[in-house]
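Report on one structure; see the data block that follows.
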Amino acid sequence: MSDASKNGSNFFNKIGTSISNGVKGFGKGFVGFFKSIPTKLKNLGKKIGNGFVNFGKTFAQGDLGVKMSYFLMGSGAFAHGQIAKGLGYLALEILFILYMAFNGVGSLVGLITLGTNFTYTYYDVDAGTGIEINVPGDNSMLFLLYGVVAVVVVIAFIAVYLMNIKSAVANHEGSVIGLKPSTLRDDLRALMDKKFYILLLVVAFAGVVIFTILPLIFMILIAFTNYDASHPETSGFDWVGLDNFIKLMGTTNLSSTFFPVLGWTIVWAICATFLNYFLGVGLALLINSKGIKGKKIWRLFFVLTIAIPQFVSLLLMRSMLGEFGPIMNLLVKMGFERTDWFETASSARLIVISVNLWIGIPYSMLITSGILMNIPQDLYESARIDGATKFKMFRKITLPYILFVTGPYLITQFIGNINNFNVIFLLTGGGPFGELSQGAGSTSLLVTWLYSLTNDTGDYNLASTIGILTFIICSVISLITYRRSSSTKNEEDFQ
């Protein structure tokens with residue numbers, strides 16, 4: 001056997017070993033992640049318990065201003081001459097009490113009941129008209145939304161309440177050692193100087209709460225209701241606990257659709273991520289080789305696929321690969337039988353993976369090209385002096401460097417492909433259909449199935465449940481792979 005064959009055989013053996021170790025490591029990390037949950041919950045419980053203990057100690061050891069702050073917010077500030085701060089805390093407490101009295105308590109009760117008197121329809125027979133009359137009633141969707149807002153308001157008030165006590169304690173401790181409490185001018189000066197970051201973060205944090213956290217909590221709660229086409233908001237839906245999760249992951253007919261869709265989603269994400277990545281790396285290495293001329297022109301050809309909007313490329317590919325598209329017409333002229341590749345599960349899946357290569361490889365190629373240009377050349381010079389071959393330099397220098405830099409990129413690409421809506425929806429629409437139920441097709445991903453459930457059948461509860469499960473899968477995979485990647489474990493080696 002030649003040296004090149006031996007090197008190639010050893011290389012692939014090492015790749016196989018690395019993959020095997022990676023799978024074992026991921027399995028251990030997956031198991032360890034869930035094993036650590038009880039310990040983390042126990043530590044969290046201890047912290048909460050210690051917090052309550054400290055809460056009581058602070059009341060017992062504080063002065064009159066601290067004690068009054070537990071009942072009348074701003075008392076600690078008033079006791080030390082901070083009138084403006086005290087008025088601010090007091091105003092927030094009064095506004096909170098008014099909100100809870102006129103709206104908040106009812107919203108919290110509505111969050112539990114989701115309404116009691118719902119819209120109904122009757123015919124005005126007595127008047128002899130026979131006209132259908134709709135009598136508006138409770139809207140479960142609004143009850144749920146207002147209830148979530150009330151919970152967030154309560155949590156925000158608790159945070160301000162604790163800040164009030166902390167400020168009162170700080171004033172008390174400062175007075176003991178002779179420090180003067182800060183004035184309004186001092187606080188404003190600090191806010192524009194040392195604490196300016198707080199001022200900037202307030203707007204951003206408020207935006208995150210309003211436009212991200214609130215909708216997220218709202219959609220998560222939908223998964224624990226029976227909100228679907230049979231139970232619309234105006235007719236009233238109710239809490240069902242974990243029934244939707246049991247339907248998806250139990251022994252029901254719905255689970256026989258969920259697990260195949262989940263399996264194909266994982267297979268698709270693996271193929272779409274790693275084929276694009278390694279082929280992009282190979283293409284970058286080829287174009288950046290010293291013997292290749294016109295490197296800029298070659299890069300331009302592949303970058304053109306990025307310049308063209310993705311939906312245009314996907315719709316064009318859909319037309320070209322269709323039963324009556326130009327590619328099929330050409331094959332028919334060559335003597336092949338006319339077939340619709342999108343009507344067979346295996347061929348449809350092969351098409352979406354292949355078309356995704358056309359779209360994704362240029363991105364990997366560009367990223368890798370930038371990395372190759374920044375690898376220190378003295379590493380290669382030292383390797384040549386030591387007698388290393390090109391293949392060994394690639395395996396020992398180039399590949400580890402590329403994997404180190406692109407580790408986080410690989411994770412984000414993998415998660416992005418799990419939620420890759422465009423490629424599937426625009427190419428196959430999730431089809432072919434018939435083998436699975438509830439609007440899922442052979443190429444449906446969890447995210448496209450979720451869309452079908454909301455858009456076609458109105459099963460919002462099931463769609464929300466799938467969204468939660470998708471989030472759990474993505475977060476667990478991201479946390480485990482990132483913690484085990486060289487980007488976090490061996491960062492100092494590439495400084």
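Numbering starts fresh at 1 for the residues of each chain in the structure tokens, the chains themselves are lettered A, B, ... in the order given, and ligands are numbered from 1 as they appear.
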Check your understanding: Do you know which residues are at most 10 Å from stretch 224-236 of chain A counting only C-alpha atoms, after dropping those on the same chain fewer than 2 positions away, and could you put them as an MDAnalysis selection string?
Key -> chainID A and resid 113:120 136:144 219:222 238:245 453:454 456:465
Requested write-out: N, CA and C atoms of the selected residues, as a compact mmCIF listing (two decimals), in the first residue's frame:
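Done, and the output landed in selection30.txt:
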```
# COMPACT_ATOMS: atom_id res chain seq x y z
N THR A 113 -59.71 31.46 35.03
CA THR A 113 -60.98 30.96 34.47
C THR A 113 -61.04 31.01 32.95
N LEU A 114 -60.29 31.97 32.33
CA LEU A 114 -60.33 32.22 30.89
C LEU A 114 -61.74 32.58 30.41
N GLY A 115 -62.51 33.19 31.29
CA GLY A 115 -63.85 33.64 30.93
C GLY A 115 -64.93 32.67 31.37
N THR A 116 -66.14 33.23 31.59
CA THR A 116 -67.28 32.39 32.01
C THR A 116 -68.51 32.61 31.14
N ASN A 117 -68.70 33.82 30.63
CA ASN A 117 -69.85 34.12 29.78
C ASN A 117 -69.37 34.40 28.36
N PHE A 118 -69.65 33.50 27.45
CA PHE A 118 -69.09 33.59 26.11
C PHE A 118 -70.13 34.03 25.08
N THR A 119 -69.64 34.40 23.92
CA THR A 119 -70.49 34.84 22.83
C THR A 119 -71.43 33.72 22.40
N TYR A 120 -72.68 34.06 22.17
CA TYR A 120 -73.62 33.06 21.68
C TYR A 120 -74.53 33.71 20.63
N PRO A 136 -72.29 39.39 22.21
CA PRO A 136 -70.87 39.28 22.60
C PRO A 136 -70.72 38.93 24.07
N GLY A 137 -69.66 38.19 24.35
CA GLY A 137 -69.38 37.80 25.73
C GLY A 137 -67.89 37.84 26.00
N ASP A 138 -67.44 36.99 26.87
CA ASP A 138 -66.02 36.96 27.21
C ASP A 138 -65.19 36.43 26.04
N ASN A 139 -63.98 36.97 25.92
CA ASN A 139 -63.03 36.51 24.91
C ASN A 139 -61.86 35.86 25.63
N SER A 140 -61.75 34.56 25.53
CA SER A 140 -60.70 33.84 26.27
C SER A 140 -59.30 34.31 25.89
N MET A 141 -59.11 34.69 24.62
CA MET A 141 -57.81 35.16 24.18
C MET A 141 -57.41 36.44 24.93
N LEU A 142 -58.37 37.37 25.07
CA LEU A 142 -58.08 38.60 25.78
C LEU A 142 -57.89 38.35 27.28
N PHE A 143 -58.66 37.42 27.83
CA PHE A 143 -58.48 37.08 29.25
C PHE A 143 -57.07 36.55 29.49
N LEU A 144 -56.60 35.71 28.59
CA LEU A 144 -55.26 35.16 28.72
C LEU A 144 -54.21 36.25 28.57
N MET A 219 -47.66 32.69 24.08
CA MET A 219 -47.70 31.54 23.18
C MET A 219 -47.38 30.24 23.91
N ILE A 220 -46.53 30.30 24.93
CA ILE A 220 -46.25 29.10 25.71
C ILE A 220 -47.51 28.63 26.43
N LEU A 221 -48.25 29.57 27.00
CA LEU A 221 -49.46 29.22 27.74
C LEU A 221 -50.54 28.62 26.83
N ILE A 222 -50.55 29.01 25.56
CA ILE A 222 -51.51 28.44 24.61
C ILE A 222 -51.36 26.92 24.54
N ASP A 238 -60.24 26.38 27.39
CA ASP A 238 -59.95 26.14 28.80
C ASP A 238 -58.58 25.51 28.96
N TRP A 239 -58.10 25.49 30.20
CA TRP A 239 -56.82 24.84 30.50
C TRP A 239 -56.96 23.32 30.44
N VAL A 240 -55.98 22.66 29.83
CA VAL A 240 -56.01 21.20 29.73
C VAL A 240 -54.72 20.57 30.27
N GLY A 241 -53.86 21.37 30.85
CA GLY A 241 -52.63 20.84 31.42
C GLY A 241 -51.69 20.30 30.36
N LEU A 242 -51.20 19.08 30.56
CA LEU A 242 -50.21 18.48 29.66
C LEU A 242 -50.85 17.60 28.58
N ASP A 243 -52.14 17.73 28.37
CA ASP A 243 -52.83 16.87 27.39
C ASP A 243 -52.23 16.98 26.00
N ASN A 244 -51.88 18.19 25.58
CA ASN A 244 -51.33 18.37 24.23
C ASN A 244 -49.97 17.70 24.09
N PHE A 245 -49.16 17.76 25.13
CA PHE A 245 -47.85 17.09 25.10
C PHE A 245 -48.03 15.58 25.06
N LEU A 453 -50.57 23.71 10.97
CA LEU A 453 -51.56 23.54 12.03
C LEU A 453 -52.28 24.84 12.35
N THR A 454 -51.57 25.96 12.26
CA THR A 454 -52.21 27.24 12.56
C THR A 454 -52.96 27.79 11.35
N ASP A 456 -53.97 26.14 8.40
CA ASP A 456 -54.94 25.29 7.69
C ASP A 456 -56.02 24.73 8.61
N THR A 457 -55.64 24.24 9.77
CA THR A 457 -56.60 23.56 10.63
C THR A 457 -56.93 24.34 11.90
N GLY A 458 -56.18 25.40 12.21
CA GLY A 458 -56.48 26.21 13.39
C GLY A 458 -56.18 25.53 14.70
N ASP A 459 -55.27 24.56 14.71
CA ASP A 459 -54.90 23.87 15.96
C ASP A 459 -53.77 24.65 16.64
N TYR A 460 -54.13 25.78 17.22
CA TYR A 460 -53.12 26.65 17.83
C TYR A 460 -52.47 26.00 19.04
N ASN A 461 -53.22 25.20 19.77
CA ASN A 461 -52.66 24.55 20.96
C ASN A 461 -51.56 23.56 20.58
N LEU A 462 -51.82 22.75 19.55
CA LEU A 462 -50.80 21.79 19.11
C LEU A 462 -49.59 22.51 18.51
N ALA A 463 -49.85 23.58 17.76
CA ALA A 463 -48.76 24.34 17.16
C ALA A 463 -47.86 24.94 18.24
N SER A 464 -48.47 25.48 19.29
CA SER A 464 -47.69 26.04 20.39
C SER A 464 -46.90 24.96 21.11
N THR A 465 -47.49 23.78 21.25
CA THR A 465 -46.78 22.67 21.88
C THR A 465 -45.56 22.27 21.06
```
**Study point:** All helix (DSSP H, G or I) positions in stretch 261-411 of chain A, as an MDAnalysis selection string
**Key:** chainID A and resid 261:287 295:307 310:320 326:333 341:343 345:374 377:385 390:411
Point to revise | Backbone DSSP call of strand (DSSP E or B) for stretch 116-274 of chain A, listed as a PyMOL selection string | key: chain A and resi 118+120-123+132-135+138+225+228+231+239
Dump as a PDB file, in the first residue's frame, selection limited to N, CA, C and O atoms:
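Writing the result to result.pdb gives the following:
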```
ATOM      1  N   PHE A 118     -69.651  33.497  27.449  1.00  0.00           N
ATOM      2  CA  PHE A 118     -69.086  33.590  26.110  1.00  0.00           C
ATOM      3  C   PHE A 118     -70.130  34.029  25.079  1.00  0.00           C
ATOM      4  O   PHE A 118     -71.335  34.013  25.330  1.00  0.00           O
ATOM      5  N   TYR A 120     -72.678  34.065  22.174  1.00  0.00           N
ATOM      6  CA  TYR A 120     -73.616  33.064  21.679  1.00  0.00           C
ATOM      7  C   TYR A 120     -74.526  33.707  20.625  1.00  0.00           C
ATOM      8  O   TYR A 120     -74.624  34.936  20.519  1.00  0.00           O
ATOM      9  N   THR A 121     -75.184  32.859  19.852  1.00  0.00           N
ATOM     10  CA  THR A 121     -76.028  33.308  18.741  1.00  0.00           C
ATOM     11  C   THR A 121     -77.451  32.802  18.945  1.00  0.00           C
ATOM     12  O   THR A 121     -77.655  31.666  19.370  1.00  0.00           O
ATOM     13  N   TYR A 122     -78.436  33.650  18.623  1.00  0.00           N
ATOM     14  CA  TYR A 122     -79.820  33.193  18.667  1.00  0.00           C
ATOM     15  C   TYR A 122     -80.600  33.895  17.553  1.00  0.00           C
ATOM     16  O   TYR A 122     -80.164  34.895  16.980  1.00  0.00           O
ATOM     17  N   TYR A 123     -81.763  33.336  17.240  1.00  0.00           N
ATOM     18  CA  TYR A 123     -82.634  33.894  16.204  1.00  0.00           C
ATOM     19  C   TYR A 123     -83.783  34.649  16.867  1.00  0.00           C
ATOM     20  O   TYR A 123     -84.447  34.135  17.779  1.00  0.00           O
ATOM     21  N   GLU A 132     -80.528  36.449  12.689  1.00  0.00           N
ATOM     22  CA  GLU A 132     -79.514  35.886  13.577  1.00  0.00           C
ATOM     23  C   GLU A 132     -78.839  37.009  14.342  1.00  0.00           C
ATOM     24  O   GLU A 132     -78.344  37.978  13.754  1.00  0.00           O
ATOM     25  N   ILE A 133     -78.820  36.900  15.661  1.00  0.00           N
ATOM     26  CA  ILE A 133     -78.250  37.942  16.507  1.00  0.00           C
ATOM     27  C   ILE A 133     -77.108  37.334  17.327  1.00  0.00           C
ATOM     28  O   ILE A 133     -77.280  36.298  17.970  1.00  0.00           O
ATOM     29  N   ASN A 134     -75.931  37.992  17.279  1.00  0.00           N
ATOM     30  CA  ASN A 134     -74.764  37.570  18.053  1.00  0.00           C
ATOM     31  C   ASN A 134     -74.666  38.410  19.317  1.00  0.00           C
ATOM     32  O   ASN A 134     -74.647  39.647  19.253  1.00  0.00           O
ATOM     33  N   VAL A 135     -74.624  37.745  20.439  1.00  0.00           N
ATOM     34  CA  VAL A 135     -74.492  38.433  21.724  1.00  0.00           C
ATOM     35  C   VAL A 135     -73.047  38.289  22.183  1.00  0.00           C
ATOM     36  O   VAL A 135     -72.592  37.175  22.476  1.00  0.00           O
ATOM     37  N   ASP A 138     -67.435  36.994  26.871  1.00  0.00           N
ATOM     38  CA  ASP A 138     -66.015  36.956  27.212  1.00  0.00           C
ATOM     39  C   ASP A 138     -65.194  36.425  26.044  1.00  0.00           C
ATOM     40  O   ASP A 138     -65.633  35.536  25.314  1.00  0.00           O
ATOM     41  N   THR A 225     -53.693  24.852  26.758  1.00  0.00           N
ATOM     42  CA  THR A 225     -55.133  25.031  26.586  1.00  0.00           C
ATOM     43  C   THR A 225     -55.629  24.144  25.447  1.00  0.00           C
ATOM     44  O   THR A 225     -54.838  23.489  24.765  1.00  0.00           O
ATOM     45  N   ASP A 228     -58.390  25.622  19.711  1.00  0.00           N
ATOM     46  CA  ASP A 228     -58.310  25.139  18.333  1.00  0.00           C
ATOM     47  C   ASP A 228     -59.574  25.566  17.595  1.00  0.00           C
ATOM     48  O   ASP A 228     -60.350  26.388  18.093  1.00  0.00           O
ATOM     49  N   HIS A 231     -62.644  25.048  19.578  1.00  0.00           N
ATOM     50  CA  HIS A 231     -62.746  25.856  20.800  1.00  0.00           C
ATOM     51  C   HIS A 231     -62.140  27.238  20.527  1.00  0.00           C
ATOM     52  O   HIS A 231     -61.066  27.563  21.040  1.00  0.00           O
ATOM     53  N   TRP A 239     -58.104  25.488  30.197  1.00  0.00           N
ATOM     54  CA  TRP A 239     -56.822  24.845  30.502  1.00  0.00           C
ATOM     55  C   TRP A 239     -56.964  23.324  30.438  1.00  0.00           C
ATOM     56  O   TRP A 239     -57.943  22.772  30.937  1.00  0.00           O
TER      57      TRP A 239
END
```
Exercise for review: Quote the spacing between atom CA of A:Ser475 and atom CA of A:Gly49 in Å to one decimal place.
Suggested key: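 Straight-line distance from atom CA of A:Ser475 to atom CA of A:Gly49 works out to 28.5 Å.
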Exercise for review: In Å, rounded to a single decimal, give me how far atom CA of A:Ile306 is from atom CA of A:Met365.
Suggested key: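 We find that atom CA of A:Met365 and atom CA of A:Ile306 lie 11.3 Å from each other.
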Check your understanding: So how far away is atom CA of A:His172 from atom CA of A:Asp63, in Å?
Key ->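 Computing the Euclidean distance for atom CA of A:Asp63 and atom CA of A:His172 yields 6.8 Å.
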Review point. Excluding same-chain residues fewer than 2 positions from stretch 441-448 of chain A, what lies within 6 Å of it counting only C-alpha atoms, as JSON, numbers by chain?
Key: {"A": [261, 265, 345, 419, 421, 430, 431, 432, 433, 450, 451]}
Check your understanding: With only C-alpha atoms as the basis for distance, which of A:Tyr197, A:Leu92, A:Thr212, A:Leu304 is at the shortest distance from A:Ile158?
Key ->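 Comparing A:Tyr197, A:Leu92, A:Thr212, A:Leu304 against A:Ile158, the winner is A:Leu92.
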Practice item. Tell me which of A:Tyr409, A:Tyr99, A:Trp268, A:Tyr363 sits closest to A:Ala348, counting only C-alpha atoms. Key: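 Going through A:Tyr409, A:Tyr99, A:Trp268, A:Tyr363 one by one, the smallest distance to A:Ala348 is for A:Trp268.
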Point to revise | Among listed residues A:Leu314, A:Ala79, A:Ala156, A:Cys271, nearest A:Pro181 (using only C-alpha atoms) | key: A:Ala79
Review point. Which of these, A:Thr428, A:Asn43, A:Ser182, A:Asn171, has the shortest distance to A:Ile351 once you count only C-alpha atoms?
Key: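 Checking each of A:Thr428, A:Asn43, A:Ser182, A:Asn171 against A:Ile351, counting only C-alpha atoms, the winner is A:Thr428.
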Check your understanding: Counting only C-alpha atoms, what is within 10 Å of stretch 280-289 of chain A, bar same-chain residues fewer than 5 positions away, as a PyMOL selection string?
Key -> chain A and resi 274-275+294-299+302+357+360-373+394+398-399+402
**Study point:** Residue contacts of A:Val169 (7 Å, only C-alpha atoms) excluding same-chain residues fewer than 4 positions away, as a ChimeraX atom specification
**Key:** /A:62,66,165,173
For the selection just defined, write its residues with N, CA and C atoms to a file, as a compact mmCIF listing (two decimals), in the first residue's frame.
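And here's part_30.txt as it stands now:
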```txt
# COMPACT_ATOMS: atom_id res chain seq x y z
N GLY A 62 -33.30 46.60 60.84
CA GLY A 62 -33.35 47.93 60.26
C GLY A 62 -33.94 48.97 61.20
N VAL A 66 -36.44 51.71 57.46
CA VAL A 66 -36.39 50.41 56.79
C VAL A 66 -37.68 49.64 57.05
N ILE A 165 -36.59 48.53 49.32
CA ILE A 165 -36.04 48.05 50.61
C ILE A 165 -34.51 48.12 50.58
N GLU A 173 -27.48 51.93 56.59
CA GLU A 173 -26.08 51.54 56.83
C GLU A 173 -25.14 52.71 56.62
```
Practice item. May I have the residues within 12 Å of A:Gly74 as JSON, numbers by chain, using only C-alpha atoms and disregarding those fewer than 2 positions away in the same chain? Key: {"A": [65, 66, 67, 68, 69, 70, 71, 72, 76, 77, 78, 79, 80, 81, 82, 83, 84, 85, 86, 87, 88, 89, 90, 91, 92, 93, 94, 160, 161, 162, 163, 164, 165, 166, 167, 168, 169, 171]}
